[in-house]
file upload.txt (compact mmCIF, C-alpha atoms)
# COMPACT_ATOMS: atom_id res chain seq x y z
CA MET A 197 -17.49 -19.65 -25.17
CA VAL A 198 -15.80 -22.93 -25.88
CA GLY A 199 -14.64 -23.02 -29.48
CA LEU A 200 -16.08 -19.67 -30.56
CA LYS A 201 -14.52 -16.41 -31.62
CA PRO A 202 -16.22 -13.34 -30.19
CA SER A 203 -17.54 -12.43 -33.64
CA ASP A 204 -18.96 -15.88 -34.37
CA VAL A 205 -22.68 -16.59 -34.43
CA PRO A 206 -23.29 -19.26 -31.77
CA PRO A 207 -24.12 -22.59 -33.39
CA PRO A 208 -27.47 -24.24 -32.66
CA LEU A 209 -27.67 -26.59 -29.68
CA ALA A 210 -28.07 -29.64 -31.94
CA VAL A 211 -24.82 -28.77 -33.75
CA LYS A 212 -22.90 -28.37 -30.49
CA MET A 213 -24.24 -31.60 -28.97
CA SER A 214 -23.69 -33.74 -32.07
CA SER A 215 -20.22 -32.23 -32.64
CA ALA A 216 -19.25 -32.93 -29.04
CA GLY A 217 -20.50 -36.52 -29.14
CA LEU A 218 -18.74 -37.30 -32.44
CA ALA A 219 -15.49 -35.60 -31.39
CA ALA A 220 -15.47 -37.52 -28.08
CA CYS A 221 -15.96 -40.84 -29.91
CA ILE A 222 -13.02 -40.04 -32.21
CA ALA A 223 -10.89 -39.13 -29.19
CA ASP A 224 -11.84 -42.42 -27.49
CA LEU A 225 -10.75 -44.42 -30.54
CA PHE A 226 -7.26 -42.90 -30.29
CA THR A 227 -6.82 -42.97 -26.51
CA PHE A 228 -8.75 -46.04 -25.31
CA PRO A 229 -5.66 -48.21 -24.65
CA LEU A 230 -4.37 -45.55 -22.23
CA ASP A 231 -7.74 -45.53 -20.48
CA THR A 232 -7.68 -49.33 -20.16
CA ALA A 233 -4.14 -49.22 -18.75
CA LYS A 234 -5.30 -46.57 -16.27
CA VAL A 235 -8.15 -48.80 -15.06
CA ARG A 236 -5.84 -51.82 -14.63
CA LEU A 237 -3.38 -49.75 -12.58
CA GLN A 238 -6.15 -48.21 -10.49
CA ILE A 239 -7.63 -51.55 -9.45
CA GLN A 240 -4.21 -53.09 -8.80
CA GLY A 241 -4.05 -53.90 -5.10
CA GLU A 242 -7.44 -55.56 -5.02
CA LYS A 243 -6.96 -59.31 -4.69
CA GLN A 244 -9.47 -60.34 -7.33
CA ALA A 245 -7.94 -57.94 -9.88
CA VAL A 246 -4.37 -59.22 -9.74
CA GLU A 247 -4.58 -62.82 -10.95
CA GLY A 248 -0.82 -63.25 -10.48
CA ILE A 249 0.08 -60.44 -12.90
CA ARG A 250 1.81 -57.24 -11.80
CA TYR A 251 1.56 -54.04 -13.81
CA ARG A 252 4.36 -51.46 -13.74
CA GLY A 253 3.74 -48.08 -15.34
CA VAL A 254 1.49 -47.20 -18.23
CA PHE A 255 3.63 -48.60 -21.04
CA GLY A 256 4.60 -51.63 -18.96
CA THR A 257 0.90 -52.28 -18.37
CA ILE A 258 0.15 -52.02 -22.08
CA ALA A 259 3.07 -54.33 -22.91
CA THR A 260 1.98 -56.87 -20.27
CA MET A 261 -1.60 -56.85 -21.55
CA VAL A 262 -0.51 -57.35 -25.15
CA ARG A 263 1.85 -60.17 -24.15
CA THR A 264 -0.58 -62.04 -21.88
CA GLU A 265 -3.98 -61.22 -23.39
CA GLY A 266 -3.32 -60.02 -26.93
CA PRO A 267 -3.63 -56.54 -28.46
CA ARG A 268 -7.43 -56.67 -28.58
CA SER A 269 -7.49 -56.54 -24.78
CA LEU A 270 -6.47 -52.88 -24.96
CA TYR A 271 -9.89 -52.15 -26.45
CA ASN A 272 -11.97 -54.15 -23.96
CA GLY A 273 -15.15 -52.16 -23.38
CA LEU A 274 -14.79 -49.94 -26.46
CA VAL A 275 -18.42 -50.42 -27.51
CA ALA A 276 -19.67 -49.32 -24.10
CA GLY A 277 -17.08 -46.52 -24.17
CA LEU A 278 -18.46 -45.14 -27.44
CA GLN A 279 -22.02 -45.50 -26.16
CA ARG A 280 -20.91 -43.55 -23.10
CA GLN A 281 -19.46 -40.69 -25.13
CA VAL A 282 -22.58 -40.37 -27.29
CA CYS A 283 -24.67 -39.96 -24.12
CA PHE A 284 -22.08 -38.24 -21.97
CA ALA A 285 -19.96 -35.81 -23.99
CA SER A 286 -22.90 -34.50 -26.00
CA VAL A 287 -24.48 -33.35 -22.71
CA ARG A 288 -21.50 -32.24 -20.63
CA ILE A 289 -19.71 -30.40 -23.45
CA GLY A 290 -22.53 -29.65 -25.86
CA LEU A 291 -24.73 -28.02 -23.21
CA TYR A 292 -21.94 -26.11 -21.44
CA ASP A 293 -22.30 -22.80 -23.31
CA ASN A 294 -26.10 -22.86 -23.05
CA VAL A 295 -26.06 -23.55 -19.30
CA LYS A 296 -23.41 -20.85 -18.83
CA ASN A 297 -25.59 -18.37 -20.72
CA PHE A 298 -28.59 -19.42 -18.64
CA TYR A 299 -26.74 -18.60 -15.43
CA THR A 300 -25.53 -15.22 -16.74
CA GLY A 301 -28.83 -14.26 -18.33
CA GLY A 302 -27.21 -14.15 -21.76
CA GLN A 303 -24.41 -11.76 -20.78
CA GLU A 304 -20.91 -12.19 -22.22
CA ASN A 305 -17.72 -12.55 -20.15
CA ALA A 306 -19.04 -14.94 -17.53
CA SER A 307 -17.14 -15.01 -14.24
CA VAL A 308 -15.02 -17.98 -13.22
CA LEU A 309 -17.61 -18.92 -10.59
CA ILE A 310 -20.39 -19.03 -13.20
CA ARG A 311 -18.21 -21.16 -15.50
CA ILE A 312 -17.46 -23.57 -12.64
CA LEU A 313 -21.17 -23.78 -11.80
CA ALA A 314 -22.05 -24.46 -15.45
CA GLY A 315 -19.36 -27.15 -15.72
CA CYS A 316 -20.52 -28.87 -12.53
CA THR A 317 -24.13 -28.75 -13.73
CA THR A 318 -23.56 -30.31 -17.14
CA GLY A 319 -21.11 -32.85 -15.70
CA ALA A 320 -23.68 -34.03 -13.15
CA MET A 321 -26.45 -34.10 -15.78
CA ALA A 322 -24.32 -36.19 -18.13
CA VAL A 323 -23.57 -38.82 -15.46
CA SER A 324 -27.27 -39.27 -14.72
CA PHE A 325 -27.78 -40.27 -18.37
CA ALA A 326 -24.61 -42.24 -19.04
CA GLN A 327 -23.82 -44.08 -15.78
CA PRO A 328 -24.81 -47.60 -16.97
CA THR A 329 -22.49 -47.31 -19.97
CA ASP A 330 -19.63 -46.27 -17.67
CA VAL A 331 -20.21 -49.24 -15.33
CA VAL A 332 -20.08 -51.70 -18.24
CA LYS A 333 -17.03 -50.00 -19.78
CA VAL A 334 -15.02 -50.14 -16.54
CA ARG A 335 -15.92 -53.77 -15.87
CA PHE A 336 -14.88 -54.82 -19.37
CA GLN A 337 -11.60 -52.93 -19.07
CA ALA A 338 -10.89 -54.64 -15.74
CA GLN A 339 -11.77 -58.07 -17.11
CA MET A 340 -8.77 -60.23 -18.03
CA ASN A 341 -8.79 -62.35 -21.19
CA LEU A 342 -6.68 -65.24 -19.89
CA ASP A 343 -7.02 -69.00 -20.31
CA GLY A 344 -8.44 -70.53 -17.17
CA VAL A 345 -9.77 -67.20 -15.88
CA ALA A 346 -13.55 -66.91 -15.82
CA ARG A 347 -14.95 -63.96 -17.78
CA ARG A 348 -17.63 -61.91 -16.08
CA TYR A 349 -19.20 -60.83 -19.37
CA ASN A 350 -19.07 -61.99 -23.00
CA GLY A 351 -20.68 -59.03 -24.74
CA THR A 352 -21.85 -55.48 -24.13
CA MET A 353 -25.61 -56.13 -24.24
CA GLN A 354 -25.16 -59.34 -22.23
CA ALA A 355 -23.33 -57.27 -19.60
CA TYR A 356 -26.20 -54.79 -19.28
CA LYS A 357 -28.66 -57.69 -18.99
CA HIS A 358 -26.52 -59.63 -16.50
CA ILE A 359 -25.98 -56.62 -14.24
CA PHE A 360 -29.69 -55.77 -14.28
CA GLN A 361 -30.74 -59.35 -13.52
CA ASN A 362 -28.20 -59.88 -10.72
CA GLU A 363 -27.83 -56.41 -9.22
CA GLY A 364 -30.97 -54.60 -10.36
CA MET A 365 -31.19 -50.97 -11.44
CA ARG A 366 -28.86 -50.05 -8.57
CA GLY A 367 -26.16 -52.18 -10.21
CA LEU A 368 -26.39 -50.24 -13.47
CA TRP A 369 -26.15 -46.95 -11.56
CA LYS A 370 -23.51 -48.23 -9.13
CA GLY A 371 -21.00 -45.57 -8.21
CA THR A 372 -23.21 -42.71 -9.38
CA LEU A 373 -22.29 -40.46 -6.43
CA PRO A 374 -18.49 -40.74 -6.86
CA ASN A 375 -18.96 -40.51 -10.62
CA ILE A 376 -21.04 -37.34 -10.31
CA THR A 377 -18.38 -35.92 -7.99
CA ARG A 378 -15.59 -36.98 -10.33
CA ASN A 379 -17.25 -35.68 -13.49
CA ALA A 380 -18.41 -32.44 -11.91
CA LEU A 381 -14.75 -31.86 -11.00
CA VAL A 382 -13.50 -33.02 -14.40
CA ASN A 383 -16.04 -31.04 -16.37
CA CYS A 384 -15.72 -27.74 -14.55
CA THR A 385 -11.92 -28.02 -14.41
CA GLU A 386 -11.55 -29.17 -18.00
CA LEU A 387 -13.94 -26.73 -19.65
CA VAL A 388 -13.18 -23.76 -17.42
CA THR A 389 -9.40 -24.25 -17.71
CA TYR A 390 -9.69 -24.66 -21.49
CA ASP A 391 -11.83 -21.50 -21.65
CA LEU A 392 -9.44 -19.46 -19.49
CA ILE A 393 -6.22 -20.61 -21.16
CA LYS A 394 -7.65 -20.02 -24.61
CA GLU A 395 -8.96 -16.57 -23.67
CA ALA A 396 -5.58 -15.60 -22.16
CA ILE A 397 -3.72 -16.76 -25.29
CA LEU A 398 -6.05 -14.80 -27.56
CA LYS A 399 -6.11 -11.74 -25.30
CA HIS A 400 -2.32 -11.47 -25.26
CA LYS A 401 -2.16 -12.38 -28.97
CA LEU A 402 0.25 -15.26 -28.34
CA LEU A 403 -1.52 -17.40 -30.94
CA SER A 404 -4.46 -17.02 -33.29
CA ASP A 405 -7.72 -18.93 -32.74
CA ASN A 406 -6.54 -21.99 -34.60
CA LEU A 407 -5.10 -25.47 -34.11
CA PRO A 408 -1.95 -24.54 -32.09
CA CYS A 409 -4.06 -22.48 -29.68
CA HIS A 410 -6.56 -25.31 -29.29
CA PHE A 411 -3.71 -27.80 -28.73
CA VAL A 412 -2.04 -25.77 -25.96
CA SER A 413 -5.35 -24.99 -24.25
CA ALA A 414 -6.49 -28.61 -24.34
CA PHE A 415 -3.17 -29.99 -23.06
CA GLY A 416 -3.10 -27.53 -20.16
CA ALA A 417 -6.70 -28.35 -19.27
CA GLY A 418 -5.85 -32.07 -19.29
CA PHE A 419 -2.99 -31.68 -16.79
CA VAL A 420 -4.92 -29.50 -14.33
CA THR A 421 -7.94 -31.81 -14.52
CA THR A 422 -5.86 -34.93 -13.85
CA VAL A 423 -4.28 -33.44 -10.72
CA ILE A 424 -7.65 -32.46 -9.25
CA ALA A 425 -9.77 -35.45 -10.29
CA SER A 426 -7.44 -38.45 -9.89
CA PRO A 427 -8.36 -39.39 -6.28
CA VAL A 428 -12.08 -39.43 -7.04
CA ASP A 429 -11.44 -41.25 -10.32
CA VAL A 430 -9.60 -44.09 -8.56
CA VAL A 431 -12.41 -44.51 -6.01
CA LYS A 432 -15.03 -44.42 -8.77
CA THR A 433 -13.21 -47.08 -10.81
CA ARG A 434 -12.71 -49.44 -7.87
CA TYR A 435 -16.24 -49.06 -6.56
CA MET A 436 -17.91 -49.59 -9.95
CA ASN A 437 -15.74 -52.63 -10.67
CA SER A 438 -16.24 -54.24 -7.24
CA PRO A 439 -18.50 -57.29 -6.78
CA GLN A 440 -21.54 -57.04 -4.54
CA GLY A 441 -20.64 -56.75 -0.87
CA GLN A 442 -16.98 -55.80 -1.21
CA TYR A 443 -17.60 -52.17 -0.26
CA ARG A 444 -20.61 -50.75 1.61
CA SER A 445 -20.33 -47.40 -0.14
CA ALA A 446 -17.93 -45.16 -2.03
CA ILE A 447 -16.85 -43.65 1.28
CA ASN A 448 -16.13 -47.13 2.65
CA CYS A 449 -14.11 -47.85 -0.51
CA SER A 450 -12.06 -44.69 0.10
CA TRP A 451 -11.46 -45.60 3.75
CA THR A 452 -10.41 -49.15 2.82
CA MET A 453 -7.92 -47.80 0.29
CA MET A 454 -6.50 -45.33 2.81
CA THR A 455 -6.08 -47.88 5.62
CA LYS A 456 -4.79 -50.77 3.49
CA GLU A 457 -2.72 -49.02 0.83
CA GLY A 458 -2.09 -45.50 2.09
CA PRO A 459 -2.75 -42.10 0.47
CA THR A 460 -0.67 -42.87 -2.61
CA ALA A 461 -3.38 -45.35 -3.65
CA PHE A 462 -5.54 -42.38 -4.65
CA TYR A 463 -3.02 -41.44 -7.32
CA LYS A 464 -2.53 -44.92 -8.77
CA GLY A 465 -2.55 -44.69 -12.53
CA PHE A 466 -1.77 -40.95 -12.50
CA VAL A 467 0.61 -41.08 -15.48
CA PRO A 468 -1.80 -42.99 -17.74
CA SER A 469 -4.60 -40.76 -16.47
CA PHE A 470 -2.66 -37.68 -17.55
CA LEU A 471 -1.48 -39.21 -20.83
CA ARG A 472 -5.00 -40.32 -21.56
CA LEU A 473 -6.77 -37.12 -20.46
CA GLY A 474 -4.16 -34.85 -22.01
CA SER A 475 -4.21 -36.64 -25.36
CA TRP A 476 -7.99 -37.11 -25.18
CA ASN A 477 -8.49 -33.39 -24.59
CA VAL A 478 -6.22 -32.49 -27.50
CA VAL A 479 -7.96 -34.84 -29.94
CA MET A 480 -11.46 -34.03 -28.66
CA PHE A 481 -11.21 -30.23 -28.52
CA VAL A 482 -9.36 -29.90 -31.83
CA THR A 483 -11.84 -32.27 -33.51
CA PHE A 484 -14.78 -30.56 -31.80
CA GLU A 485 -13.73 -27.14 -33.09
CA GLN A 486 -13.27 -28.42 -36.65
CA ILE A 487 -16.47 -30.50 -36.79
CA LYS A 488 -18.51 -27.64 -35.37
CA ARG A 489 -17.10 -25.17 -37.88
CA ALA A 490 -17.65 -27.61 -40.75
CA MET A 491 -21.26 -28.22 -39.66
CA MET A 492 -21.90 -24.49 -39.40
CA ALA A 493 -20.38 -23.90 -42.85
CA THR A 494 -22.52 -26.69 -44.31
CA LYS A 495 -25.64 -25.28 -42.64
CA LYS A 496 -24.87 -21.81 -44.04
CA ARG A 497 -24.39 -23.19 -47.57
CA MET A 498 -27.67 -25.10 -47.37
CA GLU A 499 -29.54 -21.99 -46.18
CA ASP A 500 -27.87 -19.72 -48.74
CA PRO A 501 -26.89 -21.80 -51.81
CA ASN A 502 -25.98 -18.65 -53.75

call {"tool": "encode", "arguments": {"input": "upload.txt", "output": "structure tokens"}}
result
Amino acid sequence: MVGLKPSDVPPPLAVKMSSAGLAACIADLFTFPLDTAKVRLQIQGEKQAVEGIRYRGVFGTIATMVRTEGPRSLYNGLVAGLQRQVCFASVRIGLYDNVKNFYTGGQENASVLIRILAGCTTGAMAVSFAQPTDVVKVRFQAQMNLDGVARRYNGTMQAYKHIFQNEGMRGLWKGTLPNITRNALVNCTELVTYDLIKEAILKHKLLSDNLPCHFVSAFGAGFVTTVIASPVDVVKTRYMNSPQGQYRSAINCSWTMMTKEGPTAFYKGFVPSFLRLGSWNVVMFVTFEQIKRAMMATKKRMEDPN
């Protein structure tokens, strides 16, 4: 199980879900500028996203944004991003062990196939809850704060309202299919890879079940996940950010990218994606393990004050 020693008593579902949501929010606070840079690089190539500014590499993108829009631009969409993690990470990570146990009938040592199925299930479930927050986050991150450039949205709640009024419920859930695909891939790859790397490290006694083990496992999971999920992530970002009528569907968006920009377009923003996902995984999983253990220790003290 993610974050548990074999001898540990599994924490209650509420502890796992709240720990996952809080840990994901903390990870977002540290890594959000990398995520914003990733979005800007991914949408580069679309005419309406350029505005005469060219981004080159993750750190070049960050430097250009700070120079032209100010440092606050790196945190465009943070409120929606935190709202997303509260809804999203608490489901996709917090429910993972329970769904895995459901598929195995409570047996230990679940197979890789069962772990993949559990990861895909919780990833898809999480998107169905959190999609509107992801749409608003991406659109804020893509929005430039430049003089003379019209802003699509002026606040998080105004963005939800504006999208609903102009695009309806379909606008708030725009890109759900590519996002479900992307997050099913991300979730099963991320959690299963983390599980397998951590189990291998502990099995061969390379490290103890502590911070260095969590760090290595999380970093490895971040790299593998980025390689597998980047193409779908780029399509998801472009489709969710696009105005009405630009693309007929996510498939049409993919075809347009392929014909106009070539296959390398699907790996635009790969370096910031890896830097962001790798660092996000490290912060999230390490924080998740510590918060969960602290909550379990607090619960035990409250139940047995002596």

call {"tool": "atom_distance", "arguments": {"input": "upload.txt", "atom1": "CA of Gly364 in chain A", "atom2": "CA of Trp451 in chain A"}}
result
25.7 Å

call {"tool": "residues_around", "arguments": {"input": "upload.txt", "residues": "range 415-420 of chain A", "least_positions_apart": "3", "cutoff": "9 Å", "atoms": "all atoms listed in the file", "output": "ChimeraX atom specification"}}
result
/A:385-391,393,410-412,423-425,470-478

call {"tool": "atom_distance", "arguments": {"input": "upload.txt", "atom1": "CA of Cys316 in chain A", "atom2": "CA of Val287 in chain A"}}
result
11.8 Å

call {"tool": "atom_distance", "arguments": {"input": "upload.txt", "atom1": "CA of Phe226 in chain A", "atom2": "CA of Phe284 in chain A"}}
result
17.6 Å

call {"tool": "closest_residue", "arguments": {"input": "upload.txt", "among": "A:Ser445, A:Gln361, A:Ser215, A:Thr352", "to": "Val332 in chain A", "atoms": "all atoms listed in the file"}}
result
A:Thr352

call {"tool": "residues_around", "arguments": {"input": "upload.txt", "residues": "Ala233 in chain A", "least_positions_apart": "3", "cutoff": "9 Å", "atoms": "all atoms listed in the file", "output": "MDAnalysis selection string"}}
result
chainID A and resid 228:230 236:238 251 253:255 257:258 261 270 337 465 468:469

call {"tool": "residues_near_point", "arguments": {"input": "upload.txt", "point": "(-22.2, -28.3, -31.9)", "cutoff": "7 Å", "atoms": "all atoms listed in the file", "output": "list in words"}}
result
Pro207, Pro208, Leu209, Ala210, Val211, Lys212, Met213, Ser214, Ser215, Ala216, Gly290 and Lys488 of chain A

call {"tool": "closest_residue", "arguments": {"input": "upload.txt", "among": "A:Lys357, A:Arg311, A:Arg268, A:Lys496", "to": "Met340 in chain A", "atoms": "all atoms listed in the file"}}
result
A:Arg268

call {"tool": "residues_around", "arguments": {"input": "upload.txt", "residues": "Thr264 in chain A", "least_positions_apart": "2", "cutoff": "10 Å", "atoms": "only C-alpha atoms", "output": "PDB file with C-alpha atoms, in the coordinates of the input"}}
result
ATOM      1  CA  ILE A 249       0.080 -60.440 -12.900  1.00  0.00           C
ATOM      2  CA  ALA A 259       3.070 -54.330 -22.910  1.00  0.00           C
ATOM      3  CA  THR A 260       1.980 -56.870 -20.270  1.00  0.00           C
ATOM      4  CA  MET A 261      -1.600 -56.850 -21.550  1.00  0.00           C
ATOM      5  CA  VAL A 262      -0.510 -57.350 -25.150  1.00  0.00           C
ATOM      6  CA  GLY A 266      -3.320 -60.020 -26.930  1.00  0.00           C
ATOM      7  CA  PRO A 267      -3.630 -56.540 -28.460  1.00  0.00           C
ATOM      8  CA  SER A 269      -7.490 -56.540 -24.780  1.00  0.00           C
ATOM      9  CA  MET A 340      -8.770 -60.230 -18.030  1.00  0.00           C
ATOM     10  CA  ASN A 341      -8.790 -62.350 -21.190  1.00  0.00           C
ATOM     11  CA  LEU A 342      -6.680 -65.240 -19.890  1.00  0.00           C
ATOM     12  CA  ASP A 343      -7.020 -69.000 -20.310  1.00  0.00           C
TER      13      ASP A 343
END

call {"tool": "axis_aligned_box", "arguments": {"input": "upload.txt", "around": "range 479-486 of chain A", "padding_each_side": "8 Å", "output": "AutoDock Vina command-line options"}}
result
--center_x -11.4 --center_y -31.0 --center_z -32.6 --size_x 22.8 --size_y 23.7 --size_z 24.1

call {"tool": "closest_residue", "arguments": {"input": "upload.txt", "among": "A:Glu485, A:Glu457, A:Glu304, A:Glu499", "to": "Ile289 in chain A", "atoms": "only C-alpha atoms"}}
result
A:Glu485

call {"tool": "residues_around", "arguments": {"input": "upload.txt", "residues": "Asn383 in chain A", "least_positions_apart": "4", "cutoff": "9 Å", "atoms": "only C-alpha atoms", "output": "list in words"}}
result
Arg288, Ile289, Ile312, Ala314, Gly315, Cys316, Thr317, Thr318, Gly319, Ala320, Arg378, Asn379, Leu387, Val388 and Thr421 of chain A

call {"tool": "closest_residue", "arguments": {"input": "upload.txt", "among": "A:Ile222, A:Met454, A:Ala285, A:Ile397", "to": "Ser413 in chain A", "atoms": "only C-alpha atoms"}}
result
A:Ile397

call {"tool": "closest_residue", "arguments": {"input": "upload.txt", "among": "A:Leu225, A:Cys283, A:Val479, A:Ile487", "to": "Tyr271 in chain A", "atoms": "only C-alpha atoms"}}
result
A:Leu225
